[in-house]
Each structure stands twice: as C-alpha cells, then as structure tokens.
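**Q** Sharing final_36.txt below, compact mmCIF, C-alpha atoms:
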# COMPACT_ATOMS: atom_id res chain seq x y z
CA MET A 1399 5.56 -12.86 5.44
CA GLY A 1400 5.64 -11.28 8.91
CA VAL A 1401 9.15 -9.83 8.64
CA ARG A 1402 8.53 -7.28 5.88
CA TYR A 1403 10.50 -4.32 7.23
CA SER A 1404 14.18 -4.00 8.01
CA LYS A 1405 14.09 -2.61 11.57
CA SER A 1406 13.14 -5.28 14.10
CA ILE A 1407 12.88 -5.26 17.89
CA LYS A 1408 11.77 -8.09 20.17
CA ILE A 1409 9.77 -7.29 23.29
CA GLY A 1410 8.74 -9.55 26.15
CA ASN A 1411 7.04 -9.65 29.56
CA PHE A 1412 3.86 -7.67 28.91
CA LEU A 1413 3.67 -4.72 31.26
CA ARG A 1414 5.80 -5.86 34.21
CA LEU A 1415 3.63 -4.71 37.10
CA ASN A 1416 4.57 -3.63 40.60
CA ILE A 1417 1.35 -3.36 42.58
CA SER A 1418 1.75 -1.28 45.73
CA LYS A 1419 0.21 1.72 47.41
CA ASN A 1420 2.24 3.87 45.00
CA GLY A 1421 0.74 2.29 41.88
CA VAL A 1422 1.97 0.30 38.91
CA SER A 1423 5.32 0.69 37.16
CA ALA A 1424 6.80 -0.62 33.92
CA THR A 1425 10.18 -0.16 32.26
CA LEU A 1426 9.74 1.29 28.78
CA GLY A 1427 13.26 1.97 27.56
CA LYS A 1428 16.88 1.48 28.34
CA LYS A 1429 18.11 1.84 31.92
CA GLY A 1430 16.71 5.01 33.36
CA ALA A 1431 13.36 4.98 31.56
CA SER A 1432 10.14 4.08 33.31
CA ILE A 1433 6.43 4.71 33.44
CA ASN A 1434 4.77 4.95 36.85
CA ILE A 1435 1.01 4.43 36.88
CA GLY A 1436 -1.06 4.98 40.01
CA GLY A 1437 -3.85 6.87 41.65
CA LYS A 1438 -2.19 10.21 40.82
CA GLY A 1439 -1.83 9.36 37.14
CA ALA A 1440 0.92 8.05 34.85
CA TYR A 1441 4.37 9.61 34.66
CA LEU A 1442 7.14 9.03 32.12
CA ASN A 1443 10.69 9.29 33.49
CA LEU A 1444 13.71 9.43 31.19
CA SER A 1445 17.35 9.75 32.20
CA PRO A 1446 20.08 10.89 29.75
CA SER A 1447 21.05 7.27 29.05
CA ALA A 1448 17.47 6.44 28.07
CA VAL A 1449 17.37 8.76 25.07
CA GLY A 1450 19.48 6.33 23.07
CA ILE A 1451 21.85 8.87 21.51
CA LYS A 1452 25.07 9.22 23.49
CA GLY A 1453 26.07 12.58 24.87
CA THR A 1454 22.66 14.21 24.65
CA GLY A 1455 22.06 14.88 28.33
CA VAL A 1456 18.28 14.72 27.80
CA SER A 1457 16.45 14.05 31.04
CA TYR A 1458 12.86 14.79 32.00
CA ARG A 1459 9.78 13.63 33.90
CA THR A 1460 6.33 14.34 32.56
CA LYS A 1461 2.77 13.35 33.36
CA ILE A 1462 1.31 11.27 30.54
CA ALA A 1463 -2.13 10.22 31.81
CA GLY A 1464 -4.69 11.20 34.44
CA GLY A 1465 -5.26 9.27 37.64
CA LYS A 1466 -7.92 6.64 38.21
CA LYS A 1467 -9.71 5.96 41.47
CA SER A 1468 -10.00 2.43 42.76
CA SER A 1469 -13.53 1.09 43.01
CA LYS A 1470 -12.83 -0.67 46.30
CA LYS A 1471 -11.15 0.13 49.58
CA THR A 1472 -9.31 -2.36 51.74
CA SER A 1473 -8.56 -2.38 55.43
CA LYS A 1474 -5.51 -3.71 57.27
CA LYS A 1475 -3.39 -2.38 54.39
CA GLN A 1476 0.06 -3.43 55.57
CA GLU A 1477 -1.03 -6.88 56.75
CA ASN A 1478 -2.88 -7.49 53.49
CA GLU A 1479 0.07 -6.41 51.30
CA THR A 1480 2.34 -8.84 53.17
CA LEU A 1481 -0.08 -11.72 52.59
CA ILE A 1482 -0.56 -10.67 48.96
CA GLU A 1483 3.19 -10.78 48.36
CA GLN A 1484 3.30 -14.31 49.79
CA THR A 1485 0.40 -15.48 47.64
CA SER A 1486 1.05 -13.73 44.31
CA SER A 1487 3.76 -12.31 42.07
CA SER A 1488 3.77 -8.67 40.94
CA SER A 1489 2.24 -9.46 37.54
CA SER A 1490 0.01 -12.47 38.21
CA LEU A 1491 -1.48 -14.52 40.98
CA LYS A 1492 0.23 -17.83 41.58
CA LYS A 1493 -2.08 -20.80 41.42
CA THR A 1494 -2.65 -22.15 44.93
CA GLU A 1495 -4.76 -24.70 46.67
CA LYS A 1496 -7.97 -23.34 48.17
CA THR A 1497 -6.69 -20.99 50.85
CA LYS A 1498 -8.83 -19.87 53.74
CA VAL A 1499 -7.69 -16.35 54.63
CA ASP A 1500 -9.18 -13.12 55.83
CA THR A 1501 -12.02 -11.86 53.59
CA ASN A 1502 -10.34 -8.49 53.13
CA VAL A 1503 -7.16 -10.21 51.93
CA ASN A 1504 -9.14 -12.29 49.43
CA GLU A 1505 -10.80 -9.17 48.08
CA SER A 1506 -7.40 -7.49 47.80
CA LEU A 1507 -6.04 -10.42 45.82
CA ILE A 1508 -8.99 -10.37 43.44
CA GLU A 1509 -8.71 -6.60 43.05
CA GLU A 1510 -5.02 -7.00 42.24
CA TYR A 1511 -5.83 -9.65 39.63
CA ASN A 1512 -8.47 -7.39 38.06
CA ASN A 1513 -6.07 -4.42 38.03
CA ASN A 1514 -3.40 -6.52 36.31
CA LEU A 1515 -5.87 -7.86 33.76
CA GLU A 1516 -7.16 -4.35 33.07
CA ALA A 1517 -3.61 -3.11 32.42
CA GLU A 1518 -2.88 -6.04 30.09
CA ILE A 1519 -5.95 -5.97 27.87
CA ASN A 1520 -6.49 -2.19 27.96
CA ILE A 1521 -2.91 -0.98 27.80
CA HIS A 1522 -3.95 1.90 25.49
CA LYS A 1523 -5.62 3.57 28.49
CA TYR A 1524 -2.26 3.92 30.23
CA THR A 1525 -0.52 6.10 27.70
CA ASP A 1526 -0.62 9.78 26.86
CA ASN A 1527 -3.05 11.23 24.36
CA VAL A 1528 -1.38 12.11 21.07
CA MET A 1529 0.03 15.62 20.98
CA SER A 1530 -0.80 17.99 18.16
CA LYS A 1531 2.14 19.32 16.19
CA GLU A 1532 1.82 22.62 18.06
CA GLU A 1533 1.90 20.81 21.42
CA TYR A 1534 4.88 18.75 20.27
CA ASN A 1535 6.78 21.89 19.27
CA SER A 1536 5.97 23.45 22.64
CA PHE A 1537 7.19 20.29 24.40
CA VAL A 1538 10.51 20.53 22.54
CA ASP A 1539 10.84 24.25 23.26
CA ASN A 1540 10.42 23.60 26.99
CA LEU A 1541 13.16 20.95 27.17
CA GLU A 1542 15.98 22.16 29.42
CA SER A 1543 18.71 20.37 27.47
CA GLU A 1544 19.90 22.13 24.31
CA ALA A 1545 21.18 18.77 23.03
CA GLY A 1546 17.73 17.30 23.63
CA LYS A 1547 16.10 20.15 21.73
CA GLU A 1548 18.46 19.51 18.83
CA ILE A 1549 17.58 15.82 18.71
CA TYR A 1550 13.83 16.37 18.81
CA GLN A 1551 14.10 19.18 16.27
CA MET A 1552 15.80 16.69 13.96
CA SER A 1553 12.84 14.36 14.46
CA ILE A 1554 10.44 17.22 13.67
CA ASP A 1555 12.40 17.87 10.47
CA GLY A 1556 12.04 14.20 9.51
CA ASP A 1557 15.59 12.93 10.03
CA GLU A 1558 15.05 9.20 9.53
CA ASP A 1559 17.96 7.99 11.66
CA THR A 1560 16.89 10.16 14.60
CA ILE A 1561 13.26 9.04 14.46
CA GLU A 1562 14.19 5.38 14.21
CA ASN A 1563 16.67 5.80 17.07
CA LEU A 1564 13.95 7.30 19.28
CA ILE A 1565 11.59 4.45 18.35
CA ALA A 1566 14.29 1.89 19.17
CA THR A 1567 14.93 3.60 22.52
CA PHE A 1568 11.26 3.37 23.44
CA MET A 1569 10.88 -0.23 22.29
CA ASN A 1570 14.23 -1.75 23.23
CA ASN A 1571 13.30 -2.88 26.73
CA LEU A 1572 9.53 -2.49 26.69
CA GLU A 1573 8.62 -5.40 28.94
CA LEU A 1574 5.51 -7.38 28.07
CA ALA A 1575 4.22 -10.60 29.61
CA TYR A 1576 4.07 -12.23 26.18
CA ASP A 1577 6.83 -12.38 23.58
CA ALA A 1578 6.22 -10.13 20.60
CA ARG A 1579 8.26 -8.59 17.81
CA VAL A 1580 7.92 -5.25 16.08
CA ASN A 1581 9.26 -4.73 12.55
CA TYR A 1582 9.09 -1.16 11.26
CA GLU A 1583 10.16 1.10 8.43
CA LEU A 1584 9.75 4.84 7.85
CA GLU A 1585 8.83 5.96 4.33
CA ASP A 1586 8.28 9.71 3.95
CA ASN A 1587 5.76 10.69 6.68
CA ILE A 1588 4.37 7.17 7.05
CA LEU A 1589 5.60 4.63 9.62
CA TYR A 1590 4.91 1.03 8.61
CA VAL A 1591 4.74 -1.43 11.53
CA ASP A 1592 4.35 -5.19 11.57
CA LEU A 1593 3.36 -6.33 15.07
CA ASP A 1594 3.91 -10.00 15.92
CA LEU A 1595 1.02 -10.46 18.35
CA PRO A 1596 0.94 -12.70 21.43
CA GLU A 1597 -0.99 -15.95 21.04
CA ILE A 1598 -4.30 -16.63 22.76
CA GLU A 1599 -2.68 -19.61 24.48
CA ASN A 1600 -0.52 -17.16 26.45
CA LEU A 1601 -3.51 -15.68 28.26
CA LYS A 1602 -4.27 -16.71 31.84
CA ASN A 1603 -7.11 -19.21 31.60
CA GLU A 1604 -8.22 -19.01 35.25
CA TYR A 1605 -9.53 -16.27 37.51
CA PRO A 1606 -9.83 -16.01 41.32
CA VAL A 1607 -13.19 -16.06 43.14
CA ILE A 1608 -14.34 -16.27 46.74
CA VAL A 1609 -16.58 -19.23 47.56
CA LYS A 1610 -17.69 -19.50 51.19
CA ASN A 1611 -14.81 -17.32 52.38
CA GLU A 1612 -12.32 -19.44 50.44
CA LEU A 1613 -10.15 -18.19 47.59
CA THR A 1614 -10.27 -20.54 44.61
CA PHE A 1615 -9.68 -20.43 40.85
CA LYS A 1616 -12.18 -21.10 38.08
CA LYS A 1617 -11.59 -21.81 34.42
CA LYS A 1618 -12.49 -19.06 31.97
CA THR A 1619 -14.90 -19.90 29.18
CA ASN A 1620 -13.68 -19.88 25.58
CA THR A 1621 -15.93 -16.89 24.98
CA THR A 1622 -14.22 -14.94 27.79
CA LEU A 1623 -10.74 -15.86 26.51
CA LYS A 1624 -11.63 -14.73 22.99
CA GLU A 1625 -13.03 -11.44 24.32
CA GLU A 1626 -9.87 -10.76 26.34
CA TYR A 1627 -7.60 -11.74 23.46
CA ALA A 1628 -9.41 -9.52 20.95
CA ARG A 1629 -9.19 -6.66 23.42
CA LEU A 1630 -5.49 -7.25 24.06
CA VAL A 1631 -4.32 -7.39 20.44
CA MET A 1632 -6.30 -4.32 19.37
CA SER A 1633 -5.31 -2.36 22.49
CA LEU A 1634 -1.63 -3.16 21.97
CA GLY A 1635 -1.78 -1.83 18.41
CA VAL A 1636 -3.44 1.42 19.52
CA PHE A 1637 -0.98 1.79 22.43
CA LEU A 1638 2.05 1.50 20.16
CA ALA A 1639 0.58 3.81 17.51
CA ALA A 1640 -0.10 6.53 20.09
CA ASN A 1641 3.43 6.35 21.45
CA PHE A 1642 4.98 6.37 17.97
CA PHE A 1643 2.99 9.49 17.06
CA ASN A 1644 4.31 11.16 20.21
CA ILE A 1645 7.89 10.19 19.37
CA SER A 1646 7.89 12.50 16.36
CA SER A 1647 5.42 15.04 15.00
CA PHE A 1648 6.88 14.27 11.55
CA ILE A 1649 4.87 11.04 11.50
CA ASP A 1650 1.44 11.73 9.98
CA GLU A 1651 0.29 8.14 9.47
CA ILE A 1652 1.05 4.74 10.98
CA VAL A 1653 0.16 1.58 9.08
CA MET A 1654 -0.17 -0.96 11.90
CA SER A 1655 -0.47 -4.61 10.83
CA GLY A 1656 -0.89 -7.26 13.54
CA PHE A 1657 -0.23 -10.92 12.80
CA THR A 1658 0.06 -14.28 14.56
CA THR A 1659 2.06 -17.36 13.60
CA THR A 1660 0.09 -20.57 13.14
CA ARG A 1661 0.49 -23.90 11.36
CA ASP A 1662 -1.23 -24.57 8.04
CA ASN A 1663 -2.82 -27.83 6.91
CA ASN A 1664 0.64 -29.21 6.07
CA GLY A 1665 1.98 -28.43 9.53
CA ASP A 1666 4.18 -25.58 8.28
CA LEU A 1667 4.43 -22.29 10.17
CA THR A 1668 2.67 -19.41 8.44
CA ASP A 1669 1.81 -15.81 9.32
CA GLN A 1670 -1.83 -14.79 9.49
CA TYR A 1671 -2.60 -11.08 9.66
CA LEU A 1672 -5.57 -10.20 11.89
CA TYR A 1673 -5.76 -6.50 11.11
CA SER A 1674 -4.04 -3.79 9.09
CA VAL A 1675 -5.00 -0.19 9.90
CA LYS A 1676 -3.91 3.17 8.51
CA PHE A 1677 -3.90 5.20 11.75
CA THR A 1678 -3.86 8.95 11.14
CA ARG A 1679 -2.52 11.54 13.59
CA GLU A 1680 -5.56 13.81 13.19
CA ILE A 1681 -8.05 11.29 14.61
CA PHE A 1682 -5.68 10.28 17.42
CA GLU A 1683 -5.24 13.93 18.43
CA GLU A 1684 -8.97 14.25 19.10
CA THR A 1685 -9.26 10.94 21.01
CA ASP A 1686 -9.19 10.58 24.80
CA LEU A 1687 -7.42 7.23 25.06
CA ALA A 1688 -8.05 6.81 28.80
CA ASN A 1689 -11.80 6.68 28.09
CA LEU A 1690 -11.66 4.75 24.82
CA GLU A 1691 -13.82 1.65 25.36
CA ASP A 1692 -14.90 0.41 21.92
CA LEU A 1693 -11.60 -0.37 20.19
CA TYR A 1694 -13.24 -2.02 17.18
CA GLU A 1695 -15.39 1.04 16.46
CA PHE A 1696 -12.29 3.20 16.85
CA ILE A 1697 -10.38 1.11 14.29
CA LEU A 1698 -13.31 1.38 11.86
CA ARG A 1699 -12.82 5.16 11.79
CA PHE A 1700 -9.62 4.59 9.78
CA SER A 1701 -8.92 2.92 6.45
CA ASN A 1702 -8.59 -0.68 7.54
CA ARG A 1703 -8.47 -4.31 6.62
CA ILE A 1704 -10.07 -6.28 9.42
CA ASN A 1705 -12.59 -9.14 9.35
CA PHE A 1706 -13.83 -9.39 12.91
CA SER A 1707 -17.12 -10.67 14.33
CA ASN A 1708 -18.18 -12.53 17.47
CA ASN A 1709 -14.65 -12.03 18.88
CA ASN A 1710 -13.16 -13.98 15.97
CA PHE A 1711 -10.60 -12.70 13.48
CA LYS A 1712 -10.40 -14.00 9.93
CA PRO A 1713 -7.04 -13.63 8.11
CA ILE A 1714 -6.61 -10.56 5.91
CA LYS A 1715 -3.99 -9.25 3.46
CA PRO A 1716 -2.08 -6.33 5.05
CA TYR A 1717 -1.29 -3.00 3.44
CA GLU A 1718 2.11 -2.76 1.72
CA MET A 1719 4.65 0.07 1.62
CA GLU A 1720 4.41 2.17 -1.53
CA SER A 1721 7.96 1.25 -2.49
CA VAL A 1722 7.21 -2.45 -1.95
CA MET A 1723 4.11 -2.17 -4.12
CA ASN A 1724 6.17 -0.53 -6.85
CA ASN A 1725 8.80 -3.24 -6.51
CA ASN A 1726 6.17 -5.96 -6.83
CA ALA A 1727 4.88 -4.32 -10.01
CA LEU A 1728 8.37 -4.45 -11.53
CA ILE A 1729 8.70 -8.14 -10.61
CA GLU A 1730 5.31 -8.92 -12.13
CA ASP A 1731 6.41 -7.26 -15.40
CA ALA A 1732 9.59 -9.36 -15.39
CA ILE A 1733 7.61 -12.56 -14.75
CA LEU A 1734 5.31 -11.70 -17.66
CA GLY A 1735 8.41 -11.27 -19.83
CA LEU A 1736 9.76 -14.68 -18.78
CA ARG A 1737 6.44 -16.33 -19.63
CA GLU A 1738 6.39 -14.62 -23.02
CA LEU A 1739 9.85 -16.08 -23.66
CA GLY A 1740 8.36 -19.53 -23.15
CA TYR A 1741 9.52 -20.43 -19.65
CA LYS A 1742 7.28 -22.72 -17.59
CA VAL A 1743 5.29 -21.29 -14.68
CA SER A 1744 6.57 -24.10 -12.43
CA ASP A 1745 10.20 -23.11 -13.16
CA ILE A 1746 9.46 -19.42 -12.63
CA ASN A 1747 7.85 -20.21 -9.27
CA GLN A 1748 11.02 -22.03 -8.21
CA ILE A 1749 13.25 -18.98 -8.78
CA LEU A 1750 10.72 -16.43 -7.50
CA PRO A 1751 11.92 -16.42 -3.84
CA LYS A 1752 15.49 -15.59 -4.90
CA LEU A 1753 14.30 -13.09 -7.48
CA THR A 1754 12.31 -11.11 -4.91
CA GLU A 1755 15.35 -10.82 -2.63
CA ASN A 1756 16.77 -8.23 -5.04
CA LYS A 1757 15.95 -4.51 -5.10
CA TYR A 1758 16.21 -3.30 -8.68
CA ASP A 1759 15.00 -0.06 -10.24
CA SER A 1760 13.59 -1.52 -13.46
CA SER A 1761 11.74 -4.59 -14.73
CA SER A 1762 14.54 -5.24 -17.26
CA GLN A 1763 16.99 -5.78 -14.38
CA TYR A 1764 14.59 -8.28 -12.80
CA LEU A 1765 14.18 -9.95 -16.18
CA LYS A 1766 17.96 -10.36 -16.58
CA GLU A 1767 18.26 -11.76 -13.05
CA GLY A 1768 15.36 -14.13 -13.75
CA LEU A 1769 17.05 -15.43 -16.88
CA ARG A 1770 20.26 -16.01 -14.91
CA LEU A 1771 18.43 -17.90 -12.16
CA LEU A 1772 16.54 -20.03 -14.71
CA LYS A 1773 19.82 -20.89 -16.43
CA GLU A 1774 21.24 -22.06 -13.07
CA LEU A 1775 18.06 -24.04 -12.43
CA ASN A 1776 18.39 -25.95 -15.70
Please rewrite the model in this file as structure tokens.
**A**
Amino acid sequence: MGVRYSKSIKIGNFLRLNISKNGVSATLGKKGASINIGGKGAYLNLSPSAVGIKGTGVSYRTKIAGGKKSSKKTSKKQENETLIEQTSSSSSLKKTEKTKVDTNVNESLIEEYNNNLEAEINIHKYTDNVMSKEEYNSFVDNLESEAGKEIYQMSIDGDEDTIENLIATFMNNLELAYDARVNYELEDNILYVDLDLPEIENLKNEYPVIVKNELTFKKKTNTTLKEEYARLVMSLGVFLAANFFNISSFIDEIVMSGFTTTRDNNGDLTDQYLYSVKFTREIFEETDLANLEDLYEFILRFSNRINFSNNNFKPIKPYEMESVMNNNALIEDAILGLRELGYKVSDINQILPKLTENKYDSSSQYLKEGLRLLKELN
C-alpha cells in the first residue's frame, strides 16, 4: 500500500553531519548542492549541475535560516577537536569503554552528541521558512541566469515535468542516517507524497554522560525513545513539505502521508500509516519553522488523519488522490456488476489485484476486464 504514486526516490544517511567550528553541513542534491548550517545561519549552495536540467547554468548561494548560538563554550578548542575526532564520527559518537579524559573534552563530546540529536529529530528547524508567491516571484526575478529564470518560471506556470525534475534534484542525494523512500505525484496544484519513515529501531538507544569525570553511555528509556521517534517522523514530514513548497509556488497543498513497514499477525510485511496531513501553503507562510516546538499542535492546524497520544501512533487510513478515488469508484461499480451477474465474492477477490492494475475511464471497461479475468480463473 505504501507505493501509491509513480515517482519514487530513495534517501539514506539522515543529515550527514560535519561538526566543526564552521558548523554543520549536509549534501541535499546532486554534486554541487549543499546546505551549510552553523552559528551564522544556514546557507543553500547550488552549482549548475545541481539544478538537474542540463545546460541551465543556474548557480546561486542563499541564506535559508538564521543562526543559533551555542549554549556552552569550550576551551582548548584545537586540542578538544582532535580528541573528538578520535573518539567520535561526524554524525554519531562511537561506543567506547569508559574513557577518562579532560572534563572540557567530555563536555564537548556531549555537546556534539546533543547537537547531532537536535539536528536529527528537529530537522524542520534547519530549513527556510516557506516563501509567499510574491517572494518566490522576486527570487526568480533576481536570478542571474536567464536559463534559470526560464526553468523557475515554468515551475510557477505549473509545468509538471519541470516541478518533478526540481523535486528529484532536491531529493536525489538527500543524505539521511536512516533509509527512507519518498513516492510522489503532482495532480493540479496538489503534491501527494508518501513518506516511508525510518523505524524506531534505527534510533540510537544510548546517550553519553559524565560520571566522576568519566565519559560513559547509558541506555535510553522506552519513553525517551518514543518521544524522539515521534519528534523525528513528524519533523521530517514538515521539513520535506516546507522544501517542496519552496521548490515551486505553483504548489498550493501537499498531502504528506508517513508510513512504516511492519509484520502482521501472519508474519507478512504490511504498511501502517502513522499520519496523513493536508499541508497548505498559507499556514506554512506564516510559520517560523526555526522556532516551531509543538509539531503535533502544528499538524492539528491542518486537515489531518492522525491518532497520536502518549507518544504512540495508531494506524490510520491515508488520504487518496482525487483521480485514485474516482478510479476506485469505477472499480466498485464494476464489482457490483459482477456480483449482480452471479459471480462469487471469493472469485472476485482473487482477480481484484489484477483488475486494479488497470487505468480505465469507465466502469464498463472494468466490468469487461473483470469478466475476462474470471473466465481465465475458471
């Protein structure tokens, strides 16, 4: 059920982080595209090759978020960074035996861990606020490349291929620490997105602490893991929606549906949707994402299907594309016709998967195909 839309892109390695005095960086597109996040803010850098449409020559650098000040200061900066590099990777601390090191170094390691965790579970804070259509038009007008202006003007005018190409460019090499997949389809001014969410088992289940001047790791409680997971999956949905709105001012609404893959009582893999939200551009335009703390309350401002309490999600049925809903109605009419002709429900259920693979314009076409499939079955 998860793969409902034709365009599909896999992403992996959640926010590849480079922690240094210059900040945090992550590759967001093809070669030549990056986001740099640090004390001076977040900047998006795109080279001509990153636009995704050959021969455009589009290249620009723009600030996409304000800076944040660190809550702690460290001394012996160079010495500490050397020891940090030996003890941890850029995106996570390696598990070590209890290591007695300088107190300042321990605090730096813990601060690095907290910074990484913050970027993972609150990724929406590290993106630009959604531009209004007027701001988007101004952005396009100020592009130096005439070819770039032409491309973005096509996206403003709603050229489907251009919009989907820009989305693919953004998503192609978005590096996340957990494997995920995005399936999407544009229908009129609405972008439908199915987001294959990371699993809770992928979260780091330990955190560093200092006990008697020693750095050690403690297990997180189930409550903490659930809190972090709920934050991560909702933040990721908001992050992607904001960026998709900024890809094209033509997009007025984004139907974001997040799901996970689990096993049912029979041991078979099945998709369970945790939320389905009809994000609208208007509300995003008035939202300061860098200061957005209560993600659940934010989601409740939109038409939504979410059953969430005490950091637990219960499965929901996601919103469907209008064309898919119409298609389902035609199939239901055909099934009713087959039943009226005396065919057994059990036989109809056997041919249903093959019947739904077709895209017909009328219920009579589905009825004819159903009769053909039933004939083959018998």
**Q** Within 10 Å of Tyr1673 in chain A, counting only C-alpha atoms, which residues qualify if same-chain residues fewer than 6 places away don't, as JSON, numbers by chain?
**A** {"A": [1593, 1631, 1632, 1635, 1654, 1655, 1656, 1657, 1697, 1702, 1703, 1704, 1705, 1706, 1711, 1712, 1713, 1714, 1715, 1716, 1717]}
**Q** Got time to write the residues from that selection, C-alpha atoms, as a compact mmCIF listing (two decimals), in the coordinates of the input?
**A**
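Everything below was put into selection-v7.txt:
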# COMPACT_ATOMS: atom_id res chain seq x y z
CA LEU A 1593 3.36 -6.33 15.07
CA VAL A 1631 -4.32 -7.39 20.44
CA MET A 1632 -6.30 -4.32 19.37
CA GLY A 1635 -1.78 -1.83 18.41
CA MET A 1654 -0.17 -0.96 11.90
CA SER A 1655 -0.47 -4.61 10.83
CA GLY A 1656 -0.89 -7.26 13.54
CA PHE A 1657 -0.23 -10.92 12.80
CA ILE A 1697 -10.38 1.11 14.29
CA ASN A 1702 -8.59 -0.68 7.54
CA ARG A 1703 -8.47 -4.31 6.62
CA ILE A 1704 -10.07 -6.28 9.42
CA ASN A 1705 -12.59 -9.14 9.35
CA PHE A 1706 -13.83 -9.39 12.91
CA PHE A 1711 -10.60 -12.70 13.48
CA LYS A 1712 -10.40 -14.00 9.93
CA PRO A 1713 -7.04 -13.63 8.11
CA ILE A 1714 -6.61 -10.56 5.91
CA LYS A 1715 -3.99 -9.25 3.46
CA PRO A 1716 -2.08 -6.33 5.05
CA TYR A 1717 -1.29 -3.00 3.44
**Q** Just want the 9 Å neighbourhood of Lys1752 in chain A, counted on only C-alpha atoms, with same-chain residues fewer than 4 positions away dropped. Output as a ChimeraX atom specification.
**A** /A:1748,1756,1768,1771
**Q** Of the candidates A:Thr1621, A:Asn1581, A:Asn1776, A:Asn1726, which one gets nearest to Thr1754 in chain A if we count all atoms listed in the file?
**A** A:Asn1726
**Q** Mind listing as a ChimeraX atom specification all residues within 9 Å of (-16.4, -13.9, 18.3), counting all atoms listed in the file?
**A** /A:1621,1624-1625,1628,1706-1711
**Q** For the contact check between range 1660-1722 of chain A and range 1527-1542 of chain A, emit one row per residue of range 1660-1722 of chain A within 7 Å, containing the shortest atom pair and the distance in Å rounded to one decimal, counting all atoms listed in the file, chain then rising number order, as a tab-separated table.
**A**
residue	atom	partner	partner_atom	distance
A:Phe1682	CA	A:Val1528	CA	5.9
A:Glu1683	CA	A:Val1528	CA	5.0
A:Asp1686	CA	A:Asn1527	CA	6.2
A:Leu1687	CA	A:Asn1527	CA	6.0
**Q** Given all atoms listed in the file as the basis, pick out the residue of A:Lys1547, A:Lys1766, A:Lys1617, A:Arg1629 nearest to Glu1516 in chain A.
**A**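 Closest candidate: A:Arg1629.
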**Q** If you measure from CA of Glu1774 in chain A to CA of Lys1757 in chain A, what distance in Å do you get, rounded to one decimal?
**A**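 CA of Lys1757 in chain A lies at a distance of 20.0 Å from CA of Glu1774 in chain A.
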**Q** Which of these residues is nearest to Ala1575 in chain A, using all atoms listed in the file: A:Ala1688, A:Ile1561, A:Leu1515, A:Ile1649?
**A** A:Leu1515
**Q** Using all atoms listed in the file, determine which residues lie at most 12 Å from Glu1585 in chain A, disregarding the query and same-chain residues fewer than 3 positions distant; provide the list as a PyMOL selection string.
**A** chain A and resi 1403-1404+1556-1559+1561-1562+1582+1588-1591+1648-1653+1718-1722
**Q** Step by step: locate range 1746-1763 of chain A in the block above, keep N, CA and C atoms, then write the file as a PDB file, in the first residue's frame.
**A**
ATOM      1  N   ILE A1746     -14.204 -13.024  -7.097  1.00  0.00           N
ATOM      2  CA  ILE A1746     -13.949 -11.620  -7.416  1.00  0.00           C
ATOM      3  C   ILE A1746     -12.721 -11.111  -6.663  1.00  0.00           C
ATOM      4  N   ASN A1747     -12.598 -11.527  -5.390  1.00  0.00           N
ATOM      5  CA  ASN A1747     -11.447 -11.109  -4.586  1.00  0.00           C
ATOM      6  C   ASN A1747     -10.132 -11.632  -5.166  1.00  0.00           C
ATOM      7  N   GLN A1748     -10.183 -12.791  -5.814  1.00  0.00           N
ATOM      8  CA  GLN A1748      -8.971 -13.360  -6.407  1.00  0.00           C
ATOM      9  C   GLN A1748      -8.477 -12.550  -7.600  1.00  0.00           C
ATOM     10  N   ILE A1749      -9.402 -11.990  -8.376  1.00  0.00           N
ATOM     11  CA  ILE A1749      -8.995 -11.229  -9.570  1.00  0.00           C
ATOM     12  C   ILE A1749      -8.790  -9.750  -9.285  1.00  0.00           C
ATOM     13  N   LEU A1750      -9.219  -9.303  -8.085  1.00  0.00           N
ATOM     14  CA  LEU A1750      -9.191  -7.880  -7.761  1.00  0.00           C
ATOM     15  C   LEU A1750      -7.801  -7.247  -7.899  1.00  0.00           C
ATOM     16  N   PRO A1751      -6.712  -7.887  -7.419  1.00  0.00           N
ATOM     17  CA  PRO A1751      -5.390  -7.267  -7.573  1.00  0.00           C
ATOM     18  C   PRO A1751      -5.038  -6.968  -9.023  1.00  0.00           C
ATOM     19  N   LYS A1752      -5.326  -7.895  -9.935  1.00  0.00           N
ATOM     20  CA  LYS A1752      -5.027  -7.677 -11.354  1.00  0.00           C
ATOM     21  C   LYS A1752      -5.961  -6.637 -11.961  1.00  0.00           C
ATOM     22  N   LEU A1753      -7.204  -6.628 -11.489  1.00  0.00           N
ATOM     23  CA  LEU A1753      -8.173  -5.670 -12.016  1.00  0.00           C
ATOM     24  C   LEU A1753      -7.765  -4.239 -11.695  1.00  0.00           C
ATOM     25  N   THR A1754      -7.262  -4.023 -10.484  1.00  0.00           N
ATOM     26  CA  THR A1754      -6.899  -2.672 -10.053  1.00  0.00           C
ATOM     27  C   THR A1754      -5.602  -2.167 -10.686  1.00  0.00           C
ATOM     28  N   GLU A1755      -4.866  -3.038 -11.348  1.00  0.00           N
ATOM     29  CA  GLU A1755      -3.650  -2.615 -12.042  1.00  0.00           C
ATOM     30  C   GLU A1755      -3.966  -1.770 -13.277  1.00  0.00           C
ATOM     31  N   ASN A1756      -5.194  -1.871 -13.755  1.00  0.00           N
ATOM     32  CA  ASN A1756      -5.603  -1.158 -14.972  1.00  0.00           C
ATOM     33  C   ASN A1756      -6.093   0.249 -14.651  1.00  0.00           C
ATOM     34  N   LYS A1757      -5.983   1.140 -15.638  1.00  0.00           N
ATOM     35  CA  LYS A1757      -6.470   2.508 -15.508  1.00  0.00           C
ATOM     36  C   LYS A1757      -7.466   2.781 -16.633  1.00  0.00           C
ATOM     37  N   TYR A1758      -8.737   2.472 -16.371  1.00  0.00           N
ATOM     38  CA  TYR A1758      -9.772   2.679 -17.368  1.00  0.00           C
ATOM     39  C   TYR A1758     -10.590   3.931 -17.051  1.00  0.00           C
ATOM     40  N   ASP A1759     -11.307   4.398 -18.051  1.00  0.00           N
ATOM     41  CA  ASP A1759     -12.095   5.626 -17.910  1.00  0.00           C
ATOM     42  C   ASP A1759     -13.551   5.378 -17.564  1.00  0.00           C
ATOM     43  N   SER A1760     -13.986   4.117 -17.568  1.00  0.00           N
ATOM     44  CA  SER A1760     -15.390   3.828 -17.283  1.00  0.00           C
ATOM     45  C   SER A1760     -15.520   2.503 -16.544  1.00  0.00           C
ATOM     46  N   SER A1761     -16.641   2.363 -15.810  1.00  0.00           N
ATOM     47  CA  SER A1761     -16.883   1.122 -15.065  1.00  0.00           C
ATOM     48  C   SER A1761     -17.156  -0.040 -16.011  1.00  0.00           C
ATOM     49  N   SER A1762     -17.696   0.245 -17.221  1.00  0.00           N
ATOM     50  CA  SER A1762     -17.968  -0.836 -18.183  1.00  0.00           C
ATOM     51  C   SER A1762     -16.671  -1.486 -18.656  1.00  0.00           C
ATOM     52  N   GLN A1763     -15.596  -0.694 -18.777  1.00  0.00           N
ATOM     53  CA  GLN A1763     -14.304  -1.260 -19.171  1.00  0.00           C
ATOM     54  C   GLN A1763     -13.761  -2.170 -18.067  1.00  0.00           C
TER      55      GLN A1763
END
